[in-house]
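Beneath this line is the structure, given in structure tokens, with notes to follow.
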Amino acid sequence: MALDLANTVIFRGDPERSLDRFDDPVELPRFAEAAAIFRVGEWGKVQFHPPLSQTGIEALIAIREVINDLFRSATREDSLKSEDLSTFLRLGSDLVGNEPEGRDLRLPNLSEKKRELSLGAAAFLSGIRLLDPARLQRIKACPNCYWLYLDESRNRSRRWCDMNVCGNRAKARRHYHRNVKQAGNNHV
């Protein structure tokens, strides 16, 4: 879920195409609802609460940005930057500390009992799991859309965030360039 949150900025690596989904306030509750559905394997039955106040939104954006910085640097440099890790832990500690007393923060939690958690605290706890070296070495950045993803293939050979989207685009692009090059060679 931490990487999903980081990926709410679309085409992060391309300033001309970059789009922050959270610029539209309607997207926060949509994301929280979708995350609860798509991350049921990680969280079990859960309802994520999006922040309602401007301060809460700013805290969510701050943890999103440090998650992006922390794990993106891990994909490029094969290590974690101490400054990013420190900021991640500090911001995450504040988010978890703001959870109401008695909230179940275990992860994964596959109990049948439905629980509630803030979006920011959930993203932080999910990020903590990604710090496990076995998971950390499987985090990659998609060369097409720049999303971060967890490569869960057996031999860690996955190249794109989604083969049906970015993989097909890359293959189509190669096919197009190969055919244009071949067509260009036919002219005498």
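Quick note on naming: the chains in the structure tokens go A, B, ... in the order shown, residues restart at 1 in each chain, and ligands are numbered from 1 in order of appearance.
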
Open item on the list: List the spatial neighbours of Asp132 in chain A as a PyMOL selection string - criterion: any atom at most 12 Å away, only C-alpha atoms, same-chain residues fewer than 6 positions off excluded.
Closed with: chain A and resi 71+80+126+138-139

Task: Polymer residues at most 10 Å from range 11-28 of chain A, only C-alpha atoms, same-chain spacing of 2 or more positions, as an NGL selection string - done: :A and (6-9 or 30-34 or 49-52 or 57 or 60-61 or 68 or 119 or 143-147)

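The closest residue to Thr87 in chain A, picked from A:Leu105, A:Ala74, A:Val40, A:Ala59 and counting only C-alpha atoms, is A:Ala59.
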
Task: Contacts of Lys140 in chain A at 7 Å (only C-alpha atoms; same-chain gap of 2+ positions) as a VMD selection string - done: chain A and resid 75 138 142 148 to 151

File of the preceding selection, all heavy atoms, as a PDB file, in the first residue's frame:
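Generated file (part.pdb):
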```
ATOM      1  N   THR A  75      15.903   1.819  -5.238  1.00  0.00           N
ATOM      2  CA  THR A  75      15.941   1.153  -6.547  1.00  0.00           C
ATOM      3  C   THR A  75      17.139   1.621  -7.367  1.00  0.00           C
ATOM      4  O   THR A  75      17.689   0.863  -8.147  1.00  0.00           O
ATOM      5  CB  THR A  75      14.653   1.407  -7.372  1.00  0.00           C
ATOM      6  OG1 THR A  75      14.565   2.788  -7.720  1.00  0.00           O
ATOM      7  CG2 THR A  75      13.427   0.959  -6.629  1.00  0.00           C
ATOM      8  N   ARG A 138      13.256  -6.271  -3.970  1.00  0.00           N
ATOM      9  CA  ARG A 138      12.274  -6.541  -5.031  1.00  0.00           C
ATOM     10  C   ARG A 138      11.532  -5.285  -5.486  1.00  0.00           C
ATOM     11  O   ARG A 138      10.682  -5.348  -6.361  1.00  0.00           O
ATOM     12  CB  ARG A 138      11.271  -7.591  -4.564  1.00  0.00           C
ATOM     13  CG  ARG A 138      11.900  -8.964  -4.436  1.00  0.00           C
ATOM     14  CD  ARG A 138      10.864 -10.003  -4.034  1.00  0.00           C
ATOM     15  NE  ARG A 138      11.406 -11.336  -4.086  1.00  0.00           N
ATOM     16  CZ  ARG A 138      11.354 -12.143  -5.150  1.00  0.00           C
ATOM     17  NH1 ARG A 138      10.779 -11.732  -6.251  1.00  0.00           N
ATOM     18  NH2 ARG A 138      11.866 -13.352  -5.100  1.00  0.00           N
ATOM     19  N   CYS A 142       9.150   1.408 -12.699  1.00  0.00           N
ATOM     20  CA  CYS A 142       8.750   1.119 -14.079  1.00  0.00           C
ATOM     21  C   CYS A 142       9.429   2.118 -15.020  1.00  0.00           C
ATOM     22  O   CYS A 142       9.337   3.330 -14.794  1.00  0.00           O
ATOM     23  CB  CYS A 142       7.232   1.220 -14.215  1.00  0.00           C
ATOM     24  SG  CYS A 142       6.634   0.883 -15.891  1.00  0.00           S
ATOM     25  N   LEU A 148       6.540   2.936  -8.760  1.00  0.00           N
ATOM     26  CA  LEU A 148       7.269   1.954  -7.966  1.00  0.00           C
ATOM     27  C   LEU A 148       6.390   0.723  -7.826  1.00  0.00           C
ATOM     28  O   LEU A 148       5.173   0.835  -7.667  1.00  0.00           O
ATOM     29  CB  LEU A 148       7.584   2.518  -6.581  1.00  0.00           C
ATOM     30  CG  LEU A 148       8.550   3.701  -6.551  1.00  0.00           C
ATOM     31  CD1 LEU A 148       8.572   4.318  -5.158  1.00  0.00           C
ATOM     32  CD2 LEU A 148       9.940   3.278  -6.976  1.00  0.00           C
ATOM     33  N   TYR A 149       7.006  -0.450  -7.888  1.00  0.00           N
ATOM     34  CA  TYR A 149       6.233  -1.678  -7.723  1.00  0.00           C
ATOM     35  C   TYR A 149       7.104  -2.743  -7.068  1.00  0.00           C
ATOM     36  O   TYR A 149       8.326  -2.653  -7.073  1.00  0.00           O
ATOM     37  CB  TYR A 149       5.673  -2.178  -9.060  1.00  0.00           C
ATOM     38  CG  TYR A 149       6.710  -2.628 -10.056  1.00  0.00           C
ATOM     39  CD1 TYR A 149       7.105  -3.956 -10.126  1.00  0.00           C
ATOM     40  CD2 TYR A 149       7.315  -1.724 -10.919  1.00  0.00           C
ATOM     41  CE1 TYR A 149       8.066  -4.373 -11.035  1.00  0.00           C
ATOM     42  CE2 TYR A 149       8.268  -2.127 -11.833  1.00  0.00           C
ATOM     43  CZ  TYR A 149       8.640  -3.452 -11.884  1.00  0.00           C
ATOM     44  OH  TYR A 149       9.591  -3.864 -12.778  1.00  0.00           O
ATOM     45  N   LEU A 150       6.439  -3.727  -6.492  1.00  0.00           N
ATOM     46  CA  LEU A 150       7.105  -4.847  -5.851  1.00  0.00           C
ATOM     47  C   LEU A 150       7.120  -6.010  -6.839  1.00  0.00           C
ATOM     48  O   LEU A 150       6.062  -6.511  -7.232  1.00  0.00           O
ATOM     49  CB  LEU A 150       6.356  -5.238  -4.573  1.00  0.00           C
ATOM     50  CG  LEU A 150       7.023  -6.238  -3.656  1.00  0.00           C
ATOM     51  CD1 LEU A 150       8.338  -5.699  -3.122  1.00  0.00           C
ATOM     52  CD2 LEU A 150       6.092  -6.571  -2.496  1.00  0.00           C
ATOM     53  N   ASP A 151       8.309  -6.402  -7.273  1.00  0.00           N
ATOM     54  CA  ASP A 151       8.462  -7.501  -8.227  1.00  0.00           C
ATOM     55  C   ASP A 151       8.345  -8.813  -7.464  1.00  0.00           C
ATOM     56  O   ASP A 151       9.265  -9.220  -6.766  1.00  0.00           O
ATOM     57  CB  ASP A 151       9.821  -7.401  -8.930  1.00  0.00           C
ATOM     58  CG  ASP A 151      10.035  -8.513  -9.942  1.00  0.00           C
ATOM     59  OD1 ASP A 151       9.166  -9.403 -10.071  1.00  0.00           O
ATOM     60  OD2 ASP A 151      11.094  -8.500 -10.597  1.00  0.00           O
TER      61      ASP A 151
END
```

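Among A:Leu130, A:Leu117, A:Leu136, A:Ala62, the residue with the shortest atom-to-atom distance to Gln47 in chain A, counting only C-alpha atoms, is A:Leu117.
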
Task: All strand (DSSP E) residues (DSSP, backbone) inside range 10-184 of chain A, as a ChimeraX atom specification - done: /A:10,19-20,46-49,115-118,139-141,148-150

Task: DSSP-assigned alpha helix (DSSP H) among range 26-151 of chain A, expressed as a ChimeraX atom specification - done: /A:27-38,40-43,54-77,82-97,119-130,133-136

Open item on the list: Considering only C-alpha atoms, can you say which of A:Trp160, A:Phe124, A:Phe88, A:Phe38 comes closest to Ala2 in chain A?
Closed with: A:Phe124

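Taking CA of Arg64 in chain A and CA of Cys166 in chain A as endpoints, the distance between them is 22.7 Å.
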
Open item on the list: Taking only C-alpha atoms into account, name the residue in A:Ser118, A:Ser79, A:Gln137, A:Ser111 that is nearest to Asp94 in chain A.
Closed with: A:Ser118

Task: Which of A:Glu77, A:Pro133, A:Gly120, A:Lys114 sits closest to Gly97 in chain A [using only C-alpha atoms] - done: A:Gly120
